[in-house]
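Structure file model06.txt (compact mmCIF, C-alpha atoms) follows.
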```txt
# COMPACT_ATOMS: atom_id res chain seq x y z
CA VAL X 1 -6.92 17.03 13.15
CA ILE X 2 -3.62 17.12 11.30
CA ASP X 3 -2.21 19.95 9.18
CA GLY X 4 -2.14 18.89 5.56
CA ALA X 5 -0.88 20.07 2.19
CA TRP X 6 -2.93 21.11 -0.82
CA PRO X 7 -2.66 17.94 -2.95
CA GLY X 8 -1.56 17.84 -6.56
CA MET X 9 1.43 18.42 -8.77
CA ARG X 10 3.63 21.16 -7.41
CA ILE X 11 3.72 23.99 -9.93
CA SER X 12 7.00 25.75 -10.62
CA GLN X 13 7.10 29.39 -9.61
CA ALA X 14 10.21 30.07 -11.71
CA ARG X 15 8.83 29.19 -15.12
CA ARG X 16 5.43 29.11 -16.80
CA ARG X 17 2.43 28.67 -14.54
CA ASP X 18 1.60 25.27 -16.10
CA ASP X 19 5.08 23.79 -15.51
CA ALA X 20 5.26 21.14 -12.80
CA GLU X 21 8.35 20.86 -10.63
CA ALA X 22 10.42 17.79 -11.51
CA GLY X 23 14.01 16.66 -11.80
CA PRO X 24 15.71 16.22 -15.20
CA THR X 25 14.65 12.57 -15.46
CA GLY X 26 12.10 12.39 -12.66
CA ALA X 27 8.34 12.44 -12.45
CA PRO X 28 6.66 15.66 -11.30
CA TRP X 29 6.74 16.33 -7.56
CA ILE X 30 3.37 15.51 -6.02
CA ASP X 31 2.02 16.76 -2.71
CA SER X 32 -0.21 14.21 -0.98
CA ASN X 33 -1.64 13.66 2.50
CA GLY X 34 -2.14 9.90 2.34
CA TRP X 35 1.03 9.02 4.26
CA ALA X 36 0.17 11.45 7.08
CA VAL X 37 -3.33 9.99 7.42
CA LYS X 38 -1.93 6.45 7.64
CA LEU X 39 0.55 7.56 10.31
CA ALA X 40 -2.20 9.26 12.32
CA ARG X 41 -4.39 6.15 12.08
CA ALA X 42 -1.50 4.00 13.33
CA ARG X 43 -1.07 6.27 16.36
CA SER X 44 -4.68 6.57 17.44
CA PRO X 45 -8.04 4.85 16.89
CA LYS X 46 -9.75 8.25 16.63
CA PRO X 47 -11.17 9.49 13.30
CA VAL X 48 -8.64 11.49 11.29
CA TRP X 49 -9.53 14.92 9.92
CA VAL X 50 -7.10 16.86 7.73
CA ALA X 51 -7.07 20.66 7.53
CA PHE X 52 -5.63 22.64 4.63
CA ASP X 53 -6.72 25.64 2.58
CA PRO X 54 -6.43 26.24 -1.16
CA PRO X 55 -3.17 28.07 -1.91
CA LYS X 56 -3.50 31.80 -2.49
CA ASP X 57 -1.44 31.66 -5.69
CA ALA X 58 -3.28 28.71 -7.27
CA GLY X 59 -5.15 30.82 -9.81
CA THR X 60 -8.65 29.73 -10.84
CA LEU X 61 -9.57 26.56 -8.96
CA THR X 62 -11.72 24.17 -10.98
CA PRO X 63 -14.03 21.63 -9.29
CA ASP X 64 -11.66 18.74 -10.02
CA ARG X 65 -9.02 20.36 -7.80
CA PHE X 66 -11.44 20.14 -4.87
CA GLN X 67 -12.46 16.60 -5.84
CA LEU X 68 -8.79 15.63 -5.74
CA ALA X 69 -8.46 17.18 -2.28
CA VAL X 70 -11.38 15.06 -1.09
CA ALA X 71 -10.07 11.84 -2.64
CA ASP X 72 -6.44 12.23 -1.59
CA VAL X 73 -7.41 12.19 2.08
CA ALA X 74 -10.35 9.81 1.86
CA VAL X 75 -8.58 6.88 0.18
CA ALA X 76 -6.16 6.73 3.13
CA GLY X 77 -9.02 6.63 5.63
CA GLY X 78 -9.38 10.29 6.61
CA ARG X 79 -11.66 13.21 5.87
CA TRP X 80 -10.84 16.69 4.61
CA ILE X 81 -12.28 19.74 6.39
CA VAL X 82 -13.56 21.35 3.20
CA SER X 83 -12.19 24.83 2.61
CA LEU X 84 -13.03 26.98 -0.41
CA ASP X 85 -10.99 29.78 -1.91
CA ASP X 86 -12.43 33.29 -1.75
CA ALA X 87 -13.36 33.42 -5.45
CA THR X 88 -15.29 30.13 -5.36
CA ALA X 89 -17.06 31.06 -2.12
CA ALA X 90 -18.06 34.46 -3.55
CA ALA X 91 -19.39 32.88 -6.76
CA LEU X 92 -21.47 30.46 -4.73
CA GLY X 93 -22.77 33.34 -2.64
CA ARG X 94 -23.89 35.11 -5.79
CA GLY X 95 -25.69 31.96 -6.94
CA GLU X 96 -23.69 31.59 -10.15
CA ALA X 97 -24.78 28.49 -12.05
CA SER X 98 -21.25 27.31 -12.87
CA ALA X 99 -20.19 27.59 -9.24
CA ALA X 100 -23.28 25.71 -8.08
CA GLU X 101 -22.61 22.93 -10.58
CA GLY X 102 -18.99 22.75 -9.42
CA TRP X 103 -20.10 22.47 -5.81
CA ARG X 104 -22.47 19.62 -6.74
CA ARG X 105 -19.48 17.75 -8.18
CA VAL X 106 -17.50 18.26 -4.98
CA ALA X 107 -20.50 17.17 -2.89
CA ALA X 108 -20.80 14.04 -5.05
CA ALA X 109 -17.16 13.18 -4.27
CA LEU X 110 -17.82 13.65 -0.55
CA ALA X 111 -20.95 11.51 -0.78
CA PHE X 112 -19.09 8.75 -2.65
CA PHE X 113 -16.71 8.23 0.28
CA GLU X 114 -19.33 8.84 2.97
CA THR X 115 -21.49 6.04 1.62
CA ARG X 116 -18.41 3.81 1.83
CA LYS X 117 -17.20 5.02 5.23
CA ALA X 118 -16.62 1.44 6.41
CA TRP X 119 -13.46 1.47 4.27
CA ARG X 120 -11.90 3.96 6.71
CA ASP X 121 -11.49 1.20 9.27
CA TRP X 122 -10.01 -1.34 6.90
CA THR X 123 -6.35 -2.26 7.32
CA PRO X 124 -3.91 -0.66 4.86
CA MET X 125 -2.58 -3.36 2.56
CA GLY X 126 1.17 -3.78 2.24
CA SER X 127 3.98 -6.31 2.46
CA LEU X 128 6.31 -3.92 4.33
CA ALA X 129 6.00 -2.69 7.93
CA VAL X 130 7.60 0.68 8.74
CA ILE X 131 8.46 0.95 12.44
CA SER X 132 9.56 4.15 14.20
CA ASP X 133 8.59 6.59 16.91
CA PHE X 134 8.36 9.20 14.10
CA ALA X 135 9.63 11.88 16.47
CA GLY X 136 12.76 13.82 17.44
CA ASP X 137 15.88 12.79 15.56
CA ASN X 138 13.92 10.04 13.79
CA GLU X 139 11.10 12.21 12.52
CA PHE X 140 12.56 13.41 9.21
CA LEU X 141 13.85 10.08 7.92
CA ALA X 142 10.84 8.06 9.06
CA THR X 143 8.08 10.41 7.92
CA GLU X 144 9.77 11.28 4.64
CA PHE X 145 10.21 7.56 3.98
CA LEU X 146 6.42 7.16 4.24
CA ASN X 147 5.96 10.10 1.88
CA LEU X 148 8.44 8.88 -0.73
CA ALA X 149 7.48 5.21 -0.54
CA ALA X 150 3.94 6.28 -1.46
CA ARG X 151 5.34 8.00 -4.55
CA ARG X 152 6.93 4.67 -5.55
CA ASN X 153 3.56 2.94 -5.01
CA LEU X 154 5.35 0.82 -2.41
CA LEU X 155 2.52 -0.35 -0.19
CA TYR X 156 3.29 -0.42 3.53
CA ARG X 157 1.74 -0.61 6.98
CA VAL X 158 2.79 1.86 9.68
CA ALA X 159 3.73 0.71 13.19
CA ASP X 160 4.23 3.39 15.83
CA LYS X 161 7.00 2.09 18.10
CA ALA X 162 4.97 2.92 21.20
CA ARG X 163 2.29 0.47 20.04
CA ALA X 164 4.47 -1.87 17.95
CA ALA X 165 4.54 -4.66 20.53
CA GLN X 166 0.86 -5.21 19.67
CA PHE X 167 1.46 -4.92 15.93
CA VAL X 168 0.48 -8.02 13.94
CA PHE X 169 3.22 -9.09 11.53
CA SER X 170 1.23 -11.82 9.80
CA GLY X 171 1.09 -11.43 6.02
CA LEU X 172 4.19 -9.21 5.90
CA ARG X 173 7.32 -10.00 3.91
CA ALA X 174 9.64 -7.31 5.31
CA ALA X 175 9.92 -4.94 8.25
CA LEU X 176 11.92 -1.71 8.28
CA TYR X 177 13.01 -0.50 11.72
CA VAL X 178 14.08 3.10 11.09
CA ASP X 179 15.29 4.37 14.49
CA LYS X 180 18.96 4.20 15.53
CA ASP X 181 18.18 3.40 19.16
CA ALA X 182 17.54 -0.26 19.95
CA PRO X 183 13.91 -1.35 20.17
CA PRO X 184 12.51 -2.18 23.62
CA ALA X 185 12.83 -5.83 24.60
CA PRO X 186 9.30 -6.97 23.64
CA LEU X 187 9.60 -5.40 20.19
CA PHE X 188 13.17 -6.70 19.77
CA GLU X 189 11.97 -10.25 20.38
CA LYS X 190 9.11 -9.74 17.96
CA LEU X 191 11.41 -8.44 15.21
CA ALA X 192 13.92 -11.26 15.72
CA GLY X 193 11.09 -13.77 15.63
CA PHE X 194 9.76 -12.23 12.43
CA ALA X 195 13.14 -12.74 10.72
CA LYS X 196 13.59 -16.25 12.08
CA SER X 197 10.18 -17.24 10.73
CA GLY X 198 11.12 -16.18 7.19
CA GLY X 199 10.79 -12.41 7.00
CA THR X 200 13.31 -9.79 5.87
CA LEU X 201 14.24 -7.40 8.68
CA ILE X 202 15.92 -4.12 7.66
CA VAL X 203 17.70 -2.23 10.46
CA PRO X 204 20.11 0.74 10.74
CA ALA X 205 23.85 0.13 10.66
CA ALA X 206 24.07 0.87 14.39
CA LEU X 207 21.85 -2.13 15.19
CA ALA X 208 23.42 -4.70 12.85
CA ALA X 209 25.35 -6.39 15.66
CA LYS X 210 22.14 -6.86 17.66
CA PHE X 211 20.93 -9.42 15.12
CA PRO X 212 23.84 -11.82 14.50
CA GLY X 213 23.57 -14.44 11.80
CA THR X 214 25.49 -16.12 9.02
CA PRO X 215 26.64 -14.04 6.01
CA ALA X 216 24.30 -14.18 3.00
CA SER X 217 24.23 -12.64 -0.44
CA SER X 218 22.77 -9.17 -0.81
CA PRO X 219 20.54 -8.10 -3.72
CA ILE X 220 21.88 -4.55 -3.44
CA ASP X 221 25.27 -2.91 -2.93
CA GLY X 222 25.97 -1.20 0.36
CA TYR X 223 24.14 -3.70 2.59
CA ASP X 224 25.37 -6.43 4.89
CA VAL X 225 22.85 -9.27 4.78
CA ARG X 226 22.86 -12.16 7.24
CA ALA X 227 20.68 -15.26 7.40
CA LEU X 228 18.70 -15.55 10.63
CA GLY X 229 16.59 -18.66 10.98
CA LYS X 230 14.43 -19.00 7.86
CA GLY X 231 14.77 -15.28 7.08
CA ARG X 232 17.44 -12.60 7.01
CA VAL X 233 18.55 -9.30 8.48
CA ALA X 234 19.84 -6.48 6.25
CA ALA X 235 21.77 -3.45 7.51
CA PRO X 236 23.48 -0.70 5.50
CA THR X 237 27.25 -0.44 5.64
CA LYS X 238 26.81 3.33 6.14
CA GLU X 239 24.13 5.16 8.08
CA TRP X 240 21.02 6.17 6.16
CA ASP X 241 20.75 9.85 5.30
CA ASP X 242 18.51 9.98 2.23
CA PRO X 243 14.88 8.80 2.60
CA PHE X 244 14.45 8.62 -1.20
CA VAL X 245 17.35 6.18 -1.47
CA LEU X 246 16.10 4.26 1.55
CA ALA X 247 12.67 3.82 -0.05
CA GLY X 248 14.30 2.32 -3.13
CA ASP X 249 16.61 0.12 -1.07
CA ALA X 250 13.76 -1.24 1.04
CA HIS X 251 11.74 -2.09 -2.06
CA ILE X 252 14.67 -4.04 -3.55
CA LEU X 253 15.53 -5.80 -0.29
CA MET X 254 11.93 -6.93 0.12
CA SER X 255 11.64 -7.69 -3.62
CA ARG X 256 8.93 -6.40 -5.91
CA ARG X 257 7.62 -9.93 -6.29
CA TYR X 258 5.92 -9.42 -2.93
CA ASP X 259 4.04 -6.28 -3.93
CA PRO X 260 0.40 -7.22 -3.22
CA VAL X 261 -0.70 -4.85 -5.99
CA ARG X 262 1.43 -3.56 -8.84
CA ILE X 263 0.47 -0.70 -11.15
CA PHE X 264 1.95 -0.21 -14.62
CA ASN X 265 2.18 3.11 -16.52
CA ALA X 266 1.20 4.83 -13.30
CA GLY X 267 2.62 8.24 -14.19
CA SER X 268 1.08 10.60 -11.64
CA VAL X 269 -1.37 8.02 -10.30
CA PHE X 270 -1.05 6.75 -6.72
CA VAL X 271 -2.49 3.42 -5.62
CA ASN X 272 -4.10 2.93 -2.20
CA CYS X 273 -5.21 -0.47 -0.98
CA ALA X 274 -7.00 -1.68 2.13
CA GLU X 275 -8.34 -5.02 3.24
CA ARG X 276 -10.67 -6.64 5.72
CA GLY X 277 -11.05 -10.41 5.91
CA PRO X 278 -11.31 -11.82 2.39
CA GLY X 279 -12.25 -8.43 0.90
CA ALA X 280 -10.03 -5.68 -0.47
CA VAL X 281 -10.43 -2.32 -2.14
CA ILE X 282 -7.95 -0.81 -4.62
CA GLN X 283 -8.24 2.92 -5.29
CA LEU X 284 -6.28 4.95 -7.83
CA VAL X 285 -5.85 8.70 -7.35
CA ASN X 286 -4.94 10.65 -10.47
CA PHE X 287 -3.01 13.76 -9.45
CA ALA X 288 -2.73 14.93 -13.05
CA ARG X 289 -6.57 15.13 -13.18
CA ARG X 290 -6.62 14.11 -16.82
CA GLU X 291 -6.61 10.88 -18.74
CA SER X 292 -3.26 9.11 -18.87
CA ALA X 293 -1.37 9.07 -22.16
CA ASN X 294 -0.81 5.34 -21.66
CA GLN X 295 -3.14 2.56 -20.62
CA ILE X 296 -2.84 1.92 -16.87
CA SER X 297 -2.83 -1.70 -15.76
CA VAL X 298 -3.17 -3.17 -12.28
CA ALA X 299 -1.93 -6.64 -11.37
```
If you took the structure in this file and wrote it as structure tokens, what would it be?
Amino acid sequence: VIDGAWPGMRISQARRRDDAEAGPTGAPWIDSNGWAVKLARARSPKPVWVAFDPPKDAGTLTPDRFQLAVADVAVAGGRWIVSLDDATAAALGRGEASAAEGWRRVAAALAFFETRKAWRDWTPMGSLAVISDFAGDNEFLATEFLNLAARRNLLYRVADKARAAQFVFSGLRAALYVDKDAPPAPLFEKLAGFAKSGGTLIVPAALAAKFPGTPASSPIDGYDVRALGKGRVAAPTKEWDDPFVLAGDAHILMSRRYDPVRIFNAGSVFVNCAERGPGAVIQLVNFARRESANQISVA
């Protein structure tokens, strides 16, 4: 069981109740649990349950808010421990028809994913591997990268460093090693081999010298890129300190052309993809809970 966040657009407390928090030119801030579920699945083969309660200051909670809570966790391969707010629970206890109908809608969302529970064991689809121990001094940058990459709809696969020597790199285009300390020898050899076979390896500035190669052009300022075998190694000229910037840098260094799935006019829609053998499932989660103003396309 992992502690989660109530999913959805974060509502501003400083202005009107229907204002979402966002920067001057940015999309609304969205709270989601998908990245945490993927991290938990990478660390353990056990089923992942996520616990969170409706916020006390959320006002009247409509059934679609609970449906979103179910879907946000389920598309990543986990299950939410359903928790109702006091008002909804009391209305159900009184047998109110509207509350009963709302609960049927939530139960239908739960049933949708339960009848497709095989998807929980499918492999998250992505062209980028994110490798870290996700702990100590590395925890903030590594976990927040997962969170913010999801907001960019940058699809990735998580590799816990403790288990990374068994991680399968086939099908990947890039690997991001987040931690400043050098990887253990088996993982180091695997990362070097990945680059030599044609992949893009992204490492911290402190580890640049560990992967020598011949200078190559960089698609982005602030990175030293060197050819290594058929691939390349990219390291920043300054240490990383902003996970939002790092998420953008990694996407450019890998190149969007290698996105296995691309979504257009996404707005507040997140894409989650998983695969097994020749099959794949693409799921879109709409955090706005209303129809998009623009037609959404998936390529």
Near segment 211-215 of chain X, counting all atoms listed in the file, which residues have an atom at most 9 Å away, once you skip same-chain residues fewer than 2 positions from it, shown as a VMD selection string?
chain X and resid 192 207 to 209 217 224 to 229 232 to 233
Writing out the chosen residues with C-alpha atoms as a PDB file, in the frame of the given file:
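The result, written out as out.pdb:
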```pdb
ATOM      1  CA  ALA X 192      13.920 -11.260  15.720  1.00  0.00           C
ATOM      2  CA  LEU X 207      21.850  -2.130  15.190  1.00  0.00           C
ATOM      3  CA  ALA X 208      23.420  -4.700  12.850  1.00  0.00           C
ATOM      4  CA  ALA X 209      25.350  -6.390  15.660  1.00  0.00           C
ATOM      5  CA  SER X 217      24.230 -12.640  -0.440  1.00  0.00           C
ATOM      6  CA  ASP X 224      25.370  -6.430   4.890  1.00  0.00           C
ATOM      7  CA  VAL X 225      22.850  -9.270   4.780  1.00  0.00           C
ATOM      8  CA  ARG X 226      22.860 -12.160   7.240  1.00  0.00           C
ATOM      9  CA  ALA X 227      20.680 -15.260   7.400  1.00  0.00           C
ATOM     10  CA  LEU X 228      18.700 -15.550  10.630  1.00  0.00           C
ATOM     11  CA  GLY X 229      16.590 -18.660  10.980  1.00  0.00           C
ATOM     12  CA  ARG X 232      17.440 -12.600   7.010  1.00  0.00           C
ATOM     13  CA  VAL X 233      18.550  -9.300   8.480  1.00  0.00           C
TER      14      VAL X 233
END
```
Mind running segment 113-162 of chain X against segment 170-176 of chain X at 8 Å and telling me each contacting residue's nearest atom pair with the distance in Å (one decimal), counting only C-alpha atoms, chain and number ascending, as CSV?
```
residue,atom,partner,partner_atom,distance
X:Gly126,CA,X:Leu172,CA,7.2
X:Ser127,CA,X:Leu172,CA,4.5
X:Leu128,CA,X:Ala174,CA,4.9
X:Ala129,CA,X:Ala175,CA,4.5
X:Val130,CA,X:Leu176,CA,5.0
X:Ile131,CA,X:Leu176,CA,6.0
```
Which of these residues is nearest to Thr143 of chain X, using all atoms listed in the file: X:Asn33, X:Gln295, X:Asn286, X:Asn265?
X:Asn33
Sort by chain and increasing residue number a table of all residues of segment 115-180 of chain X within 9 Å of segment 234-243 of chain X, each with its closest pair of atoms and their distance in Å to one decimal, counting all atoms listed in the file, and write it as a Markdown table.
```
| residue | atom | partner | partner_atom | distance |
| --- | --- | --- | --- | --- |
| X:Phe140 | CA | X:Pro243 | CA | 8.4 |
| X:Leu141 | CA | X:Pro243 | CA | 5.6 |
| X:Ala142 | CA | X:Pro243 | CA | 7.7 |
| X:Thr143 | CA | X:Pro243 | CA | 8.8 |
| X:Glu144 | CA | X:Pro243 | CA | 6.0 |
| X:Phe145 | CA | X:Pro243 | CA | 5.0 |
| X:Leu146 | CA | X:Pro243 | CA | 8.8 |
| X:Leu148 | CA | X:Pro243 | CA | 7.3 |
| X:Ala149 | CA | X:Pro243 | CA | 8.8 |
```
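Coordinates place atom CA of Asn147 of chain X at a distance of 16.6 Å from atom CA of Ala69 of chain X.
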Which value, in Å to one decimal, gives the distance between atom CA of Gly279 of chain X and atom CA of Asp121 of chain X?
12.8 Å
Can you list, as a count of residues only, every protein, DNA or RNA residue that comes within 10 Å of Arg79 of chain X when you count all atoms listed in the file, leaving out same-chain residues fewer than 2 positions away?
23
With distances taken over only C-alpha atoms, the candidate from X:Lys210, X:Arg276, X:Arg157, X:Arg104 nearest Ala118 of chain X is X:Arg276
With a distance cut-off of 10 Å and all atoms listed in the file, select the neighbouring residues of Ala150 of chain X, excluding the residue or stretch itself and same-chain residues fewer than 6 positions from it, and output the selection as a PyMOL selection string.
chain X and resi 32+34-35+144+156+247+270-272
Could you jot down the atom CA of Val281 of chain X to atom CA of Pro45 of chain X separation for me, Å, one decimal place?
20.5 Å
Draw an axis-aligned box tight on the listed atoms of segment 46-52 of chain X, then pad every side by 4 Å and write out centre and edge lengths in Å to one decimal as lines of an AutoDock Vina configuration file.
```
center_x = -8.4
center_y = 15.4
center_z = 10.6
size_x = 13.5
size_y = 22.4
size_z = 20.0
```
